[in-house]
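Chemist: This is the structure, below, for whatever I ask next.
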Amino acid sequence: MGVFDQVREAMKMRAESKRIEAEIKKITAEYANGGITVIAKGDMSIEKIAITPEAYEEVLKGKPARFETMLFNVVNGALKRAREAVQAEMMKMMQAGGGLGGLFGK
């Protein structure tokens, strides 16, 4: 393999990597509990947090620590589901022979 072939292969790998990254950003996962709903994206960012008035009642009752714990748990639950969804999508790509499969010479 010549230098130009290596450069061309590196450029293909970079383009494929960017395509995969874009696909991962499209993945979303939702987790809800105790009146709090969080939507996390495949890139591990939070897209949305929704809190019902009932969930705020914990703070109004003088129990902000309980509310914070619930929020913490829901955010972590959404991130865990997003991570699992990304892993499942990556496995599908590899099994299909596209996506990452091409990066590993399959």
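Here's how to read the names in the structure tokens: chain A, B, ... by the order shown, residue numbers from 1 in each chain, ligand numbers from 1 in the order shown.
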Show me, as a PyMOL selection string, the residues that have an atom within 6 Å of Ala29 in chain A when counting only C-alpha atoms, minus same-chain residues fewer than 6 positions from it.
Modeler: chain A and resi 39-40+78+81-82
Chemist: Could you give me, as a PDB file with N, CA, C and O atoms, in the first residue's frame, the residues within 8 Å of Gly42 in chain A, counting only C-alpha atoms and dropping anything in the same chain fewer than 5 positions from it?
Modeler:
```pdb
ATOM      1  N   ILE A  24     -24.664   8.893  16.515  1.00  0.00           N
ATOM      2  CA  ILE A  24     -24.720   8.794  17.979  1.00  0.00           C
ATOM      3  C   ILE A  24     -25.444  10.007  18.564  1.00  0.00           C
ATOM      4  O   ILE A  24     -26.237   9.880  19.500  1.00  0.00           O
ATOM      5  N   LYS A  25     -25.203  11.180  18.004  1.00  0.00           N
ATOM      6  CA  LYS A  25     -25.852  12.397  18.510  1.00  0.00           C
ATOM      7  C   LYS A  25     -27.368  12.356  18.323  1.00  0.00           C
ATOM      8  O   LYS A  25     -28.101  13.025  19.039  1.00  0.00           O
ATOM      9  N   LYS A  26     -27.853  11.560  17.377  1.00  0.00           N
ATOM     10  CA  LYS A  26     -29.291  11.457  17.123  1.00  0.00           C
ATOM     11  C   LYS A  26     -30.006  10.578  18.150  1.00  0.00           C
ATOM     12  O   LYS A  26     -31.218  10.663  18.318  1.00  0.00           O
ATOM     13  N   ILE A  27     -29.264   9.728  18.826  1.00  0.00           N
ATOM     14  CA  ILE A  27     -29.852   8.794  19.789  1.00  0.00           C
ATOM     15  C   ILE A  27     -30.314   9.563  21.024  1.00  0.00           C
ATOM     16  O   ILE A  27     -29.600  10.411  21.550  1.00  0.00           O
ATOM     17  N   THR A  28     -31.527   9.260  21.482  1.00  0.00           N
ATOM     18  CA  THR A  28     -32.029   9.849  22.721  1.00  0.00           C
ATOM     19  C   THR A  28     -32.587   8.743  23.616  1.00  0.00           C
ATOM     20  O   THR A  28     -33.017   7.697  23.137  1.00  0.00           O
ATOM     21  N   ALA A  29     -32.549   9.007  24.910  1.00  0.00           N
ATOM     22  CA  ALA A  29     -33.094   8.065  25.883  1.00  0.00           C
ATOM     23  C   ALA A  29     -33.776   8.861  26.982  1.00  0.00           C
ATOM     24  O   ALA A  29     -33.259   9.882  27.437  1.00  0.00           O
ATOM     25  N   ALA A  82     -29.043   6.112  27.696  1.00  0.00           N
ATOM     26  CA  ALA A  82     -28.424   6.632  26.464  1.00  0.00           C
ATOM     27  C   ALA A  82     -27.170   5.840  26.133  1.00  0.00           C
ATOM     28  O   ALA A  82     -26.946   5.464  24.983  1.00  0.00           O
ATOM     29  N   ARG A  83     -26.356   5.560  27.136  1.00  0.00           N
ATOM     30  CA  ARG A  83     -25.128   4.776  26.940  1.00  0.00           C
ATOM     31  C   ARG A  83     -25.459   3.383  26.417  1.00  0.00           C
ATOM     32  O   ARG A  83     -24.825   2.881  25.484  1.00  0.00           O
ATOM     33  N   ALA A  85     -28.154   2.534  24.755  1.00  0.00           N
ATOM     34  CA  ALA A  85     -28.676   2.671  23.392  1.00  0.00           C
ATOM     35  C   ALA A  85     -27.537   2.856  22.392  1.00  0.00           C
ATOM     36  O   ALA A  85     -27.560   2.286  21.293  1.00  0.00           O
ATOM     37  N   VAL A  86     -26.517   3.614  22.771  1.00  0.00           N
ATOM     38  CA  VAL A  86     -25.357   3.811  21.898  1.00  0.00           C
ATOM     39  C   VAL A  86     -24.630   2.482  21.703  1.00  0.00           C
ATOM     40  O   VAL A  86     -24.262   2.121  20.578  1.00  0.00           O
TER      41      VAL A  86
END
```
Chemist: I'd like the contact shell of Met70 in chain A - 12 Å cut-off, only C-alpha atoms, skipping same-chain residues fewer than 5 positions apart - returned as a JSON list (two decimals) with all heavy atoms, in the first residue's frame.
Modeler:
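File produced: selection-v8.json:
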```json
[["chain", "number", "residue", "atom", "x", "y", "z"],
["A", 31, "TYR", "N", -35.77, 8.92, 30.81],
["A", 31, "TYR", "CA", -35.93, 8.27, 32.10],
["A", 31, "TYR", "C", -36.79, 9.18, 32.96],
["A", 31, "TYR", "O", -36.56, 10.40, 32.99],
["A", 31, "TYR", "CB", -34.57, 8.03, 32.76],
["A", 31, "TYR", "CG", -34.63, 7.15, 33.98],
["A", 31, "TYR", "CD1", -34.54, 5.77, 33.88],
["A", 31, "TYR", "CD2", -34.77, 7.70, 35.25],
["A", 31, "TYR", "CE1", -34.58, 4.96, 35.00],
["A", 31, "TYR", "CE2", -34.82, 6.90, 36.38],
["A", 31, "TYR", "CZ", -34.72, 5.53, 36.25],
["A", 31, "TYR", "OH", -34.77, 4.72, 37.35],
["A", 32, "ALA", "N", -37.77, 8.61, 33.63],
["A", 32, "ALA", "CA", -38.67, 9.41, 34.46],
["A", 32, "ALA", "C", -38.92, 8.70, 35.79],
["A", 32, "ALA", "O", -38.98, 7.47, 35.85],
["A", 32, "ALA", "CB", -40.00, 9.63, 33.75],
["A", 33, "ASN", "N", -39.06, 9.52, 36.84],
["A", 33, "ASN", "CA", -39.37, 8.99, 38.15],
["A", 33, "ASN", "C", -39.73, 10.17, 39.07],
["A", 33, "ASN", "O", -39.10, 11.22, 39.00],
["A", 33, "ASN", "CB", -38.18, 8.21, 38.73],
["A", 33, "ASN", "CG", -38.55, 7.44, 39.98],
["A", 33, "ASN", "OD1", -39.71, 7.26, 40.30],
["A", 33, "ASN", "ND2", -37.54, 6.98, 40.69],
["A", 34, "GLY", "N", -40.74, 9.98, 39.89],
["A", 34, "GLY", "CA", -41.09, 10.97, 40.89],
["A", 34, "GLY", "C", -41.46, 12.34, 40.34],
["A", 34, "GLY", "O", -41.21, 13.35, 40.99],
["A", 35, "GLY", "N", -42.01, 12.37, 39.14],
["A", 35, "GLY", "CA", -42.40, 13.65, 38.56],
["A", 35, "GLY", "C", -41.28, 14.38, 37.84],
["A", 35, "GLY", "O", -41.44, 15.53, 37.43],
["A", 36, "ILE", "N", -40.14, 13.72, 37.67],
["A", 36, "ILE", "CA", -39.01, 14.31, 36.96],
["A", 36, "ILE", "C", -38.73, 13.45, 35.74],
["A", 36, "ILE", "O", -38.65, 12.22, 35.84],
["A", 36, "ILE", "CB", -37.75, 14.37, 37.84],
["A", 36, "ILE", "CG1", -38.02, 15.19, 39.10],
["A", 36, "ILE", "CG2", -36.57, 14.93, 37.06],
["A", 36, "ILE", "CD1", -36.90, 15.13, 40.12],
["A", 37, "THR", "N", -38.60, 14.09, 34.59],
["A", 37, "THR", "CA", -38.28, 13.39, 33.34],
["A", 37, "THR", "C", -37.04, 14.03, 32.74],
["A", 37, "THR", "O", -36.93, 15.25, 32.66],
["A", 37, "THR", "CB", -39.44, 13.50, 32.34],
["A", 37, "THR", "OG1", -40.62, 12.94, 32.94],
["A", 37, "THR", "CG2", -39.13, 12.76, 31.05],
["A", 38, "VAL", "N", -36.10, 13.17, 32.33],
["A", 38, "VAL", "CA", -34.87, 13.65, 31.70],
["A", 38, "VAL", "C", -34.68, 12.92, 30.38],
["A", 38, "VAL", "O", -34.87, 11.71, 30.30],
["A", 38, "VAL", "CB", -33.64, 13.42, 32.60],
["A", 38, "VAL", "CG1", -32.35, 13.79, 31.89],
["A", 38, "VAL", "CG2", -33.77, 14.22, 33.90],
["A", 51, "ILE", "N", -39.98, 18.91, 35.03],
["A", 51, "ILE", "CA", -40.32, 18.68, 36.44],
["A", 51, "ILE", "C", -41.77, 19.09, 36.67],
["A", 51, "ILE", "O", -42.16, 20.22, 36.35],
["A", 51, "ILE", "CB", -39.38, 19.50, 37.36],
["A", 51, "ILE", "CG1", -37.92, 19.09, 37.08],
["A", 51, "ILE", "CG2", -39.73, 19.27, 38.83],
["A", 51, "ILE", "CD1", -36.90, 19.98, 37.74],
["A", 55, "ALA", "N", -43.40, 17.35, 41.94],
["A", 55, "ALA", "CA", -42.00, 17.11, 42.32],
["A", 55, "ALA", "C", -41.43, 18.31, 43.07],
["A", 55, "ALA", "O", -40.62, 18.15, 43.99],
["A", 55, "ALA", "CB", -41.16, 16.81, 41.08],
["A", 56, "TYR", "N", -41.86, 19.51, 42.71],
["A", 56, "TYR", "CA", -41.41, 20.71, 43.41],
["A", 56, "TYR", "C", -41.89, 20.74, 44.86],
["A", 56, "TYR", "O", -41.30, 21.43, 45.69],
["A", 56, "TYR", "CB", -41.92, 21.98, 42.71],
["A", 56, "TYR", "CG", -41.17, 22.36, 41.47],
["A", 56, "TYR", "CD1", -41.84, 22.48, 40.26],
["A", 56, "TYR", "CD2", -39.80, 22.62, 41.50],
["A", 56, "TYR", "CE1", -41.17, 22.85, 39.10],
["A", 56, "TYR", "CE2", -39.12, 22.98, 40.35],
["A", 56, "TYR", "CZ", -39.81, 23.10, 39.15],
["A", 56, "TYR", "OH", -39.15, 23.46, 38.02],
["A", 58, "GLU", "N", -41.56, 18.74, 47.16],
["A", 58, "GLU", "CA", -40.54, 18.30, 48.12],
["A", 58, "GLU", "C", -39.71, 19.51, 48.58],
["A", 58, "GLU", "O", -39.38, 19.62, 49.75],
["A", 58, "GLU", "CB", -39.62, 17.25, 47.48],
["A", 58, "GLU", "CG", -40.30, 15.95, 47.15],
["A", 58, "GLU", "CD", -40.84, 15.22, 48.38],
["A", 58, "GLU", "OE1", -40.20, 15.29, 49.46],
["A", 58, "GLU", "OE2", -41.88, 14.57, 48.26],
["A", 59, "VAL", "N", -39.42, 20.40, 47.66],
["A", 59, "VAL", "CA", -38.65, 21.59, 48.00],
["A", 59, "VAL", "C", -39.49, 22.52, 48.86],
["A", 59, "VAL", "O", -39.02, 23.04, 49.88],
["A", 59, "VAL", "CB", -38.17, 22.33, 46.72],
["A", 59, "VAL", "CG1", -37.45, 23.62, 47.08],
["A", 59, "VAL", "CG2", -37.26, 21.42, 45.90],
["A", 63, "LYS", "N", -37.74, 19.99, 51.95],
["A", 63, "LYS", "CA", -36.92, 18.80, 51.74],
["A", 63, "LYS", "C", -36.15, 18.90, 50.41],
["A", 63, "LYS", "O", -36.30, 18.04, 49.53],
["A", 63, "LYS", "CB", -37.79, 17.55, 51.73],
["A", 63, "LYS", "CG", -38.56, 17.32, 53.01],
["A", 63, "LYS", "CD", -39.43, 16.09, 52.90],
["A", 63, "LYS", "CE", -40.26, 15.90, 54.15],
["A", 63, "LYS", "NZ", -41.18, 14.77, 54.03],
["A", 64, "PRO", "N", -35.33, 19.93, 50.25],
["A", 64, "PRO", "CA", -34.61, 20.07, 48.98],
["A", 64, "PRO", "C", -33.64, 18.92, 48.72],
["A", 64, "PRO", "O", -33.41, 18.56, 47.57],
["A", 64, "PRO", "CB", -33.88, 21.41, 49.12],
["A", 64, "PRO", "CG", -33.77, 21.63, 50.58],
["A", 64, "PRO", "CD", -35.00, 21.00, 51.19],
["A", 65, "ALA", "N", -33.09, 18.34, 49.77],
["A", 65, "ALA", "CA", -32.14, 17.24, 49.57],
["A", 65, "ALA", "C", -32.83, 16.05, 48.91],
["A", 65, "ALA", "O", -32.23, 15.37, 48.06],
["A", 65, "ALA", "CB", -31.52, 16.83, 50.90],
["A", 75, "VAL", "N", -31.34, 11.87, 36.27],
["A", 75, "VAL", "CA", -30.32, 12.24, 35.28],
["A", 75, "VAL", "C", -29.40, 11.05, 35.02],
["A", 75, "VAL", "O", -29.12, 10.71, 33.86],
["A", 75, "VAL", "CB", -29.52, 13.48, 35.75],
["A", 75, "VAL", "CG1", -28.28, 13.69, 34.88],
["A", 75, "VAL", "CG2", -30.39, 14.72, 35.73],
["A", 76, "ASN", "N", -28.93, 10.41, 36.06],
["A", 76, "ASN", "CA", -28.06, 9.24, 35.88],
["A", 76, "ASN", "C", -28.77, 8.10, 35.17],
["A", 76, "ASN", "O", -28.17, 7.39, 34.35],
["A", 76, "ASN", "CB", -27.48, 8.77, 37.21],
["A", 76, "ASN", "CG", -26.33, 9.64, 37.65],
["A", 76, "ASN", "OD1", -25.60, 10.19, 36.83],
["A", 76, "ASN", "ND2", -26.15, 9.78, 38.95],
["A", 77, "GLY", "N", -30.06, 7.91, 35.44],
["A", 77, "GLY", "CA", -30.83, 6.88, 34.75],
["A", 77, "GLY", "C", -30.94, 7.15, 33.27],
["A", 77, "GLY", "O", -30.80, 6.25, 32.43]]
```
Chemist: May I ask for the distance between CA of Ala15 in chain A and CA of Glu89 in chain A, given in Å to one decimal place?
Modeler: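 According to the coordinates, CA of Ala15 in chain A and CA of Glu89 in chain A are separated by 18.2 Å.
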Chemist: Quick one: pull the distance between CA of Arg14 in chain A and CA of Lys80 in chain A, Å, one decimal.
Modeler: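 Atom-to-atom, CA of Arg14 in chain A to CA of Lys80 in chain A, that is 27.3 Å.
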Chemist: Could you jot down the CA of Lys48 in chain A to CA of Phe72 in chain A separation for me, Å, one decimal place?
Modeler: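 Value for the CA of Lys48 in chain A-CA of Phe72 in chain A distance: 14.0 Å.
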Chemist: So, counting only C-alpha atoms, which residue among A:Leu79, A:Val3, A:Ala96, A:Ala88 is closest to Ser45 in chain A?
Modeler: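 With only C-alpha atoms as the atom set, the closest residue is A:Leu79.
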Chemist: Taking only range 1-105 of chain A into account, list the residues labelled helix (DSSP H, G or I) by DSSP (computed from the backbone), as number ranges by chain.
Modeler: A: 3-26, 53-60, 64-95, 100-103
Chemist: Taking into account only C-alpha atoms, which residue in the set A:Met94, A:Lys18, A:Glu30, A:Thr52 is nearest to Val74 in chain A?
Modeler: A:Glu30
Chemist: Mind the document's chain letters and residue numbers, and return as a ChimeraX atom specification the residues of range 14-76 of chain A that DSSP labels strand (DSSP E or B).
Modeler: /A:28-33,36-41,46-51
